[in-house]
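The data block below is input-v2.cif; it holds mmCIF, C-alpha atoms.
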```cif
data_model
#
loop_
_atom_site.group_PDB
_atom_site.id
_atom_site.type_symbol
_atom_site.label_atom_id
_atom_site.label_comp_id
_atom_site.auth_asym_id
_atom_site.auth_seq_id
_atom_site.Cartn_x
_atom_site.Cartn_y
_atom_site.Cartn_z
ATOM 1 C CA MET I 1131 -9.604 -21.844 -1.614
ATOM 2 C CA ALA I 1132 -11.310 -20.878 1.626
ATOM 3 C CA ASP I 1133 -12.863 -24.311 2.128
ATOM 4 C CA GLN I 1134 -9.535 -26.092 2.297
ATOM 5 C CA SER I 1135 -8.594 -27.762 5.549
ATOM 6 C CA THR I 1136 -6.006 -26.048 7.692
ATOM 7 C CA ALA I 1137 -4.855 -29.262 9.321
ATOM 8 C CA SER I 1138 -1.751 -29.427 7.116
ATOM 9 C CA VAL I 1139 -0.718 -25.845 7.894
ATOM 10 C CA PRO I 1140 2.359 -25.699 10.147
ATOM 11 C CA ALA I 1141 1.985 -23.852 13.415
ATOM 12 C CA GLY I 1142 2.158 -20.099 12.975
ATOM 13 C CA ARG I 1143 5.270 -19.729 15.110
ATOM 14 C CA SER I 1144 7.066 -22.674 13.481
ATOM 15 C CA SER I 1145 10.346 -21.814 11.783
ATOM 16 C CA SER I 1146 9.299 -24.031 8.853
ATOM 17 C CA TYR I 1147 6.201 -21.969 8.069
ATOM 18 C CA PRO I 1148 7.900 -19.331 5.847
ATOM 19 C CA SER I 1149 9.414 -22.094 3.725
ATOM 20 C CA TYR I 1150 6.054 -23.847 3.550
ATOM 21 C CA LEU I 1151 4.408 -20.604 2.523
ATOM 22 C CA ALA I 1152 7.033 -19.883 -0.135
ATOM 23 C CA PHE I 1153 6.523 -23.322 -1.691
ATOM 24 C CA THR I 1154 2.733 -23.104 -1.495
ATOM 25 C CA LEU I 1155 2.554 -19.664 -3.083
ATOM 26 C CA SER I 1156 4.940 -20.541 -5.884
ATOM 27 C CA THR I 1157 2.698 -23.510 -6.818
ATOM 28 C CA SER I 1158 -0.769 -22.128 -5.975
ATOM 29 C CA LEU I 1159 -1.243 -19.159 -8.254
ATOM 30 C CA PRO I 1160 -0.032 -18.284 -11.748
ATOM 31 C CA GLY I 1161 1.816 -15.026 -12.138
ATOM 32 C CA ILE I 1162 4.209 -15.439 -9.202
ATOM 33 C CA ALA I 1163 7.749 -14.994 -10.500
ATOM 34 C CA SER I 1164 9.384 -16.136 -7.267
ATOM 35 C CA ALA I 1165 8.662 -16.799 -3.612
ATOM 36 C CA ALA I 1166 11.729 -17.242 -1.447
ATOM 37 C CA ILE I 1167 13.360 -16.368 1.864
ATOM 38 C CA GLU I 1168 15.545 -13.278 1.397
ATOM 39 C CA GLY I 1169 17.449 -11.903 4.360
ATOM 40 C CA GLY I 1170 15.367 -14.006 6.719
ATOM 41 C CA GLU I 1171 12.061 -12.673 5.336
ATOM 42 C CA LEU I 1172 9.586 -14.155 2.888
ATOM 43 C CA VAL I 1173 9.549 -12.139 -0.358
ATOM 44 C CA VAL I 1174 7.058 -12.807 -3.157
ATOM 45 C CA ARG I 1175 7.673 -11.233 -6.572
ATOM 46 C CA ALA I 1176 4.526 -11.226 -8.657
ATOM 47 C CA ASP I 1177 3.231 -10.047 -12.015
ATOM 48 C CA ARG I 1178 1.493 -6.701 -11.825
ATOM 49 C CA GLU I 1179 -1.600 -8.046 -13.624
ATOM 50 C CA ARG I 1180 -2.070 -10.777 -10.986
ATOM 51 C CA LEU I 1181 -1.752 -8.534 -7.946
ATOM 52 C CA ILE I 1182 -5.422 -8.451 -6.895
ATOM 53 C CA PRO I 1183 -6.025 -12.251 -7.057
ATOM 54 C CA LEU I 1184 -2.811 -12.765 -5.090
ATOM 55 C CA MET I 1185 -3.747 -10.264 -2.397
ATOM 56 C CA MET I 1186 -7.239 -11.757 -2.062
ATOM 57 C CA LEU I 1187 -5.685 -15.178 -1.667
ATOM 58 C CA LEU I 1188 -3.246 -13.975 0.997
ATOM 59 C CA ARG I 1189 -6.003 -12.271 2.972
ATOM 60 C CA ASP I 1190 -8.830 -14.799 2.712
ATOM 61 C CA ASP I 1191 -7.242 -18.232 2.386
ATOM 62 C CA PRO I 1192 -7.097 -19.902 5.848
ATOM 63 C CA ARG I 1193 -3.600 -21.189 5.064
ATOM 64 C CA PHE I 1194 -2.242 -17.639 4.907
ATOM 65 C CA ARG I 1195 -4.574 -15.231 6.766
ATOM 66 C CA PHE I 1196 -2.654 -12.012 6.123
ATOM 67 C CA GLU I 1197 -5.314 -9.752 7.575
ATOM 68 C CA GLN I 1198 -3.350 -6.505 7.696
ATOM 69 C CA LEU I 1199 -1.515 -4.341 5.202
ATOM 70 C CA MET I 1200 1.207 -2.801 7.357
ATOM 71 C CA ASP I 1201 2.954 -0.709 4.736
ATOM 72 C CA LEU I 1202 3.153 0.107 1.038
ATOM 73 C CA CYS I 1203 6.174 1.875 -0.389
ATOM 74 C CA GLY I 1204 8.161 2.390 -3.551
ATOM 75 C CA VAL I 1205 11.755 1.829 -4.655
ATOM 76 C CA ASP I 1206 13.304 3.492 -7.705
ATOM 77 C CA PHE I 1207 15.763 1.783 -10.068
ATOM 78 C CA PRO I 1208 16.149 4.310 -12.930
ATOM 79 C CA GLN I 1209 18.282 1.964 -15.036
ATOM 80 C CA ARG I 1210 15.438 -0.563 -15.436
ATOM 81 C CA PRO I 1211 12.646 -0.303 -18.067
ATOM 82 C CA GLU I 1212 10.144 -0.835 -15.240
ATOM 83 C CA ARG I 1213 11.986 1.387 -12.828
ATOM 84 C CA PHE I 1214 9.709 1.145 -9.784
ATOM 85 C CA ASP I 1215 9.212 -1.612 -7.242
ATOM 86 C CA VAL I 1216 5.904 -1.299 -5.411
ATOM 87 C CA VAL I 1217 6.341 -3.118 -2.099
ATOM 88 C CA TYR I 1218 3.502 -4.420 0.090
ATOM 89 C CA ASN I 1219 4.274 -5.572 3.641
ATOM 90 C CA LEU I 1220 1.557 -7.844 5.027
ATOM 91 C CA LEU I 1221 1.020 -9.185 8.553
ATOM 92 C CA SER I 1222 -0.847 -12.278 9.653
ATOM 93 C CA VAL I 1223 -1.985 -11.625 13.219
ATOM 94 C CA SER I 1224 -3.459 -15.133 13.418
ATOM 95 C CA LEU I 1225 -0.249 -16.907 12.428
ATOM 96 C CA ASN I 1226 2.288 -14.288 13.565
ATOM 97 C CA GLN I 1227 3.895 -14.167 10.130
ATOM 98 C CA ARG I 1228 4.899 -11.507 7.627
ATOM 99 C CA VAL I 1229 5.292 -11.477 3.861
ATOM 100 C CA ARG I 1230 6.585 -8.891 1.412
ATOM 101 C CA VAL I 1231 4.949 -8.740 -2.015
ATOM 102 C CA ILE I 1232 6.716 -6.858 -4.821
ATOM 103 C CA VAL I 1233 5.451 -5.848 -8.266
ATOM 104 C CA THR I 1234 7.163 -3.616 -10.816
ATOM 105 C CA THR I 1235 5.928 -0.802 -13.025
ATOM 106 C CA ASP I 1236 7.045 2.288 -14.941
ATOM 107 C CA GLU I 1237 6.027 5.949 -15.004
ATOM 108 C CA LEU I 1238 2.936 5.416 -17.166
ATOM 109 C CA THR I 1239 1.568 1.956 -16.339
ATOM 110 C CA PRO I 1240 -0.782 1.932 -13.329
ATOM 111 C CA VAL I 1241 -0.813 -0.695 -10.600
ATOM 112 C CA ALA I 1242 -4.194 -1.955 -9.424
ATOM 113 C CA SER I 1243 -5.239 -0.312 -6.163
ATOM 114 C CA VAL I 1244 -5.757 -2.603 -3.159
ATOM 115 C CA HIS I 1245 -7.849 -0.087 -1.209
ATOM 116 C CA GLN I 1246 -10.942 -2.280 -1.547
ATOM 117 C CA ILE I 1247 -9.056 -5.134 0.130
ATOM 118 C CA TRP I 1248 -7.393 -2.967 2.789
ATOM 119 C CA PRO I 1249 -8.974 0.523 3.048
ATOM 120 C CA CYS I 1250 -5.848 1.874 4.753
ATOM 121 C CA ALA I 1251 -3.999 1.419 1.436
ATOM 122 C CA THR I 1252 -5.374 4.756 0.216
ATOM 123 C CA TRP I 1253 -2.959 6.698 2.447
ATOM 124 C CA TRP I 1254 0.088 4.735 1.270
ATOM 125 C CA GLU I 1255 -0.903 4.696 -2.392
ATOM 126 C CA ARG I 1256 -1.223 8.468 -2.247
ATOM 127 C CA GLU I 1257 2.232 8.690 -0.631
ATOM 128 C CA CYS I 1258 3.763 6.390 -3.252
ATOM 129 C CA TYR I 1259 2.186 8.502 -5.988
ATOM 130 C CA ASP I 1260 3.384 11.727 -4.371
ATOM 131 C CA MET I 1261 6.967 10.605 -3.779
ATOM 132 C CA TYR I 1262 7.542 8.438 -6.886
ATOM 133 C CA GLY I 1263 4.759 9.210 -9.362
ATOM 134 C CA VAL I 1264 3.468 5.622 -9.369
ATOM 135 C CA LEU I 1265 -0.107 5.496 -10.688
ATOM 136 C CA PHE I 1266 -2.787 3.309 -9.092
ATOM 137 C CA SER I 1267 -5.818 2.327 -11.140
ATOM 138 C CA GLY I 1268 -9.139 2.220 -9.304
ATOM 139 C CA GLN I 1269 -7.913 4.584 -6.575
ATOM 140 C CA PRO I 1270 -10.606 7.292 -6.244
ATOM 141 C CA ASP I 1271 -8.447 9.706 -4.223
ATOM 142 C CA LEU I 1272 -5.064 9.758 -5.952
ATOM 143 C CA ARG I 1273 -3.843 13.143 -4.675
ATOM 144 C CA ARG I 1274 -0.543 14.297 -3.249
ATOM 145 C CA ILE I 1275 -0.330 13.814 0.500
ATOM 146 C CA LEU I 1276 3.096 15.064 1.683
ATOM 147 C CA SER I 1277 4.281 17.706 -0.766
ATOM 148 C CA ASP I 1278 2.872 21.204 -1.083
ATOM 149 C CA TYR I 1279 0.165 22.390 -3.476
ATOM 150 C CA GLY I 1280 1.640 23.035 -6.910
ATOM 151 C CA PHE I 1281 4.755 20.936 -6.186
ATOM 152 C CA GLU I 1282 6.499 19.781 -9.358
ATOM 153 C CA GLY I 1283 8.096 16.364 -9.690
ATOM 154 C CA HIS I 1284 8.400 13.426 -7.330
ATOM 155 C CA PRO I 1285 11.144 13.917 -4.725
ATOM 156 C CA LEU I 1286 12.132 10.301 -4.022
ATOM 157 C CA ARG I 1287 12.954 9.496 -7.616
ATOM 158 C CA LYS I 1288 16.689 8.986 -8.035
ATOM 159 C CA ASP I 1289 16.835 11.571 -10.842
ATOM 160 C CA PHE I 1290 15.117 14.284 -8.808
ATOM 161 C CA PRO I 1291 17.669 17.029 -7.928
ATOM 162 C CA LEU I 1292 18.580 17.245 -4.257
ATOM 163 C CA THR I 1293 17.895 20.979 -4.288
ATOM 164 C CA GLY I 1294 14.515 20.616 -5.954
ATOM 165 C CA TYR I 1295 13.246 22.901 -8.687
ATOM 166 C CA THR I 1296 11.617 25.722 -6.723
ATOM 167 C CA GLU I 1297 12.045 27.360 -3.344
ATOM 168 C CA VAL I 1298 9.420 28.989 -1.133
ATOM 169 C CA ARG I 1299 10.200 32.068 0.959
ATOM 170 C CA TYR I 1300 8.502 35.050 2.554
ATOM 171 C CA ASP I 1301 8.962 38.319 0.677
ATOM 172 C CA PRO I 1302 8.829 41.199 3.213
ATOM 173 C CA GLU I 1303 8.348 43.794 0.468
ATOM 174 C CA ARG I 1304 5.374 42.015 -1.088
ATOM 175 C CA ARG I 1305 4.248 40.725 2.314
ATOM 176 C CA GLN I 1306 3.427 37.300 0.979
ATOM 177 C CA ILE I 1307 4.836 33.855 0.345
ATOM 178 C CA VAL I 1308 6.546 33.614 -3.039
ATOM 179 C CA ARG I 1309 7.645 30.608 -5.057
ATOM 180 C CA GLU I 1310 10.630 30.981 -7.368
ATOM 181 C CA PRO I 1311 13.330 28.872 -9.066
ATOM 182 C CA VAL I 1312 16.111 27.613 -6.827
ATOM 183 C CA THR I 1313 19.230 29.797 -6.838
ATOM 184 C CA LEU I 1314 22.434 28.567 -5.240
ATOM 185 C CA THR I 1315 24.656 31.652 -5.261
ATOM 186 C CA GLN I 1316 27.773 31.221 -3.145
ATOM 187 C CA ASP I 1317 30.815 33.407 -2.701
ATOM 188 C CA PHE I 1318 34.275 31.925 -3.087
ATOM 189 C CA ARG I 1319 35.373 30.301 0.104
ATOM 190 C CA ASP I 1320 38.743 29.005 1.250
ATOM 191 C CA PHE I 1321 37.847 25.921 3.258
ATOM 192 C CA ASP I 1322 40.176 24.836 6.037
ATOM 193 C CA PHE I 1323 39.759 21.108 6.592
ATOM 194 C CA VAL I 1324 42.161 20.962 9.560
ATOM 195 C CA SER I 1325 40.438 19.785 12.710
ATOM 196 C CA PRO I 1326 40.100 22.588 15.275
ATOM 197 C CA TRP I 1327 41.490 20.189 17.887
ATOM 198 C CA GLU I 1328 44.769 19.647 16.058
ATOM 199 C CA GLY I 1329 47.656 21.408 17.727
ATOM 200 C CA VAL I 1330 45.720 22.108 20.898
ATOM 201 C CA LEU I 1331 46.874 19.059 22.760
ATOM 202 C CA THR I 1332 48.211 15.571 22.230
ATOM 203 C CA LEU I 1333 46.018 12.842 23.643
ATOM 204 C CA PRO I 1334 47.461 9.591 25.010
ATOM 205 C CA GLY I 1335 48.153 7.317 22.069
ATOM 206 C CA ASP I 1336 48.442 10.215 19.598
ATOM 207 C CA GLU I 1337 52.147 10.914 20.189
ATOM 208 C CA ARG I 1338 53.199 9.442 16.854
ATOM 209 C CA ALA I 1339 50.565 11.477 14.978
ATOM 210 C CA HIS I 1340 51.744 14.600 16.797
ATOM 211 C CA GLU I 1341 55.342 13.928 15.723
ATOM 212 C CA LEU I 1342 54.255 13.506 12.109
ATOM 213 C CA ARG I 1343 52.365 16.792 12.222
ATOM 214 C CA GLN I 1344 55.439 18.575 13.538
ATOM 215 C CA ILE I 1345 57.567 17.076 10.741
ATOM 216 C CA MET I 1346 55.040 18.145 8.095
ATOM 217 C CA LYS I 1347 54.998 21.686 9.456
ATOM 218 C CA LYS I 1348 58.783 21.886 9.204
ATOM 219 C CA LEU I 1349 58.734 20.553 5.652
ATOM 220 C CA ASN I 1350 56.135 23.105 4.618
#
```

Entire entry expressed as structure tokens:
Amino acid sequence: MADQSTASVPAGRSSSYPSYLAFTLSTSLPGIASAAIEGGELVVRADRERLIPLMMLLRDDPRFRFEQLMDLCGVDFPQRPERFDVVYNLLSVSLNQRVRVIVTTDELTPVASVHQIWPCATWWERECYDMYGVLFSGQPDLRRILSDYGFEGHPLRKDFPLTGYTEVRYDPERRQIVREPVTLTQDFRDFDFVSPWEGVLTLPGDERAHELRQIMKKLN
């Protein structure tokens, strides 16, 4: 593809370029489910098995020239069989354009690593693995990057409990850091949801609300 003429490519800053790119991608490479403008941005949804040929095309073809991988992240949809979206945000410095490429996967099926196309992808693939548990085949350094050693689970999954599974604290008696199951003991509390400002003063425009409060107090 690299020997094709770029004469027919619209100017990089042209408003018609994203539409041109969407049409070209949807007809240039098998395995692209859709390529359309969503929310003012070009979004390409592709088959997981065709990810590497697509990324090579986007980087090397002179019609596209997406030289930089700006970000890679995950999105979790637990209700789907392939619950994870793996999202790649690419930037063409030459044409001043952006594209978002999305593939889907599940907990067990790996996505091909793009670290040989963009070496910076290693950091983001490790983060996506750490936070969501997405596996990347061909990634030689697939370790956690944000969570602690021995951390269990993947905290950005929708089914991960907000409190986590374990808590870390310093034990003054043992004089060391200890890890133990989360305990949420809480005494009974009588919560007062009345604003502390109510009854202190009546601001201009609040006269009617003040009258209603006085009526409610009398009724109670």

What does the PyMOL selection byres ((chain I and resi 1154-1163) around 8) select in this file, as a list in words?
Tyr1150, Leu1151, Ala1152, Phe1153, Ser1164, Ala1165, Val1174, Arg1175, Ala1176, Asp1177, Glu1179, Arg1180 and Leu1184 of chain I

Which neighbours of I:Glu1212 fall inside 10 Å, counting all atoms listed in the file, when residues of the same chain fewer than 5 positions from it are skipped, and could you give them as a count of residues only?
9

Take the PyMOL selection byres ((chain I and resi 1277) around 12), run it mentally on this structure, and tell me the resulting residues as a PDB file with C-alpha atoms, in the coordinates of the input.
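Resulting contents of out_31.pdb:
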```pdb
ATOM      1  CA  ARG I1256      -1.223   8.468  -2.247  1.00  0.00           C
ATOM      2  CA  GLU I1257       2.232   8.690  -0.631  1.00  0.00           C
ATOM      3  CA  CYS I1258       3.763   6.390  -3.252  1.00  0.00           C
ATOM      4  CA  TYR I1259       2.186   8.502  -5.988  1.00  0.00           C
ATOM      5  CA  ASP I1260       3.384  11.727  -4.371  1.00  0.00           C
ATOM      6  CA  MET I1261       6.967  10.605  -3.779  1.00  0.00           C
ATOM      7  CA  TYR I1262       7.542   8.438  -6.886  1.00  0.00           C
ATOM      8  CA  ARG I1273      -3.843  13.143  -4.675  1.00  0.00           C
ATOM      9  CA  ARG I1274      -0.543  14.297  -3.249  1.00  0.00           C
ATOM     10  CA  ILE I1275      -0.330  13.814   0.500  1.00  0.00           C
ATOM     11  CA  LEU I1276       3.096  15.064   1.683  1.00  0.00           C
ATOM     12  CA  ASP I1278       2.872  21.204  -1.083  1.00  0.00           C
ATOM     13  CA  TYR I1279       0.165  22.390  -3.476  1.00  0.00           C
ATOM     14  CA  GLY I1280       1.640  23.035  -6.910  1.00  0.00           C
ATOM     15  CA  PHE I1281       4.755  20.936  -6.186  1.00  0.00           C
ATOM     16  CA  GLU I1282       6.499  19.781  -9.358  1.00  0.00           C
ATOM     17  CA  GLY I1283       8.096  16.364  -9.690  1.00  0.00           C
ATOM     18  CA  HIS I1284       8.400  13.426  -7.330  1.00  0.00           C
ATOM     19  CA  PRO I1285      11.144  13.917  -4.725  1.00  0.00           C
ATOM     20  CA  LEU I1286      12.132  10.301  -4.022  1.00  0.00           C
ATOM     21  CA  GLY I1294      14.515  20.616  -5.954  1.00  0.00           C
TER      22      GLY I1294
END
```

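Close to (-8.9, 2.7, -7.1), meaning no more than 9 Å away when counting all atoms listed in the file, sit the residues I:Ala1242, I:Ser1243, I:Val1244, I:His1245, I:Gln1246, I:Thr1252, I:Phe1266, I:Ser1267, I:Gly1268, I:Gln1269, I:Pro1270, I:Asp1271, I:Leu1272.
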
Taking 5 positions as the minimum chain separation for residues in the same chain, which residues sit within 6 Å of stretch 1192-1205 of chain I when counting only C-alpha atoms? Answer as a ChimeraX atom specification.
/I:1214-1222,1254,1258
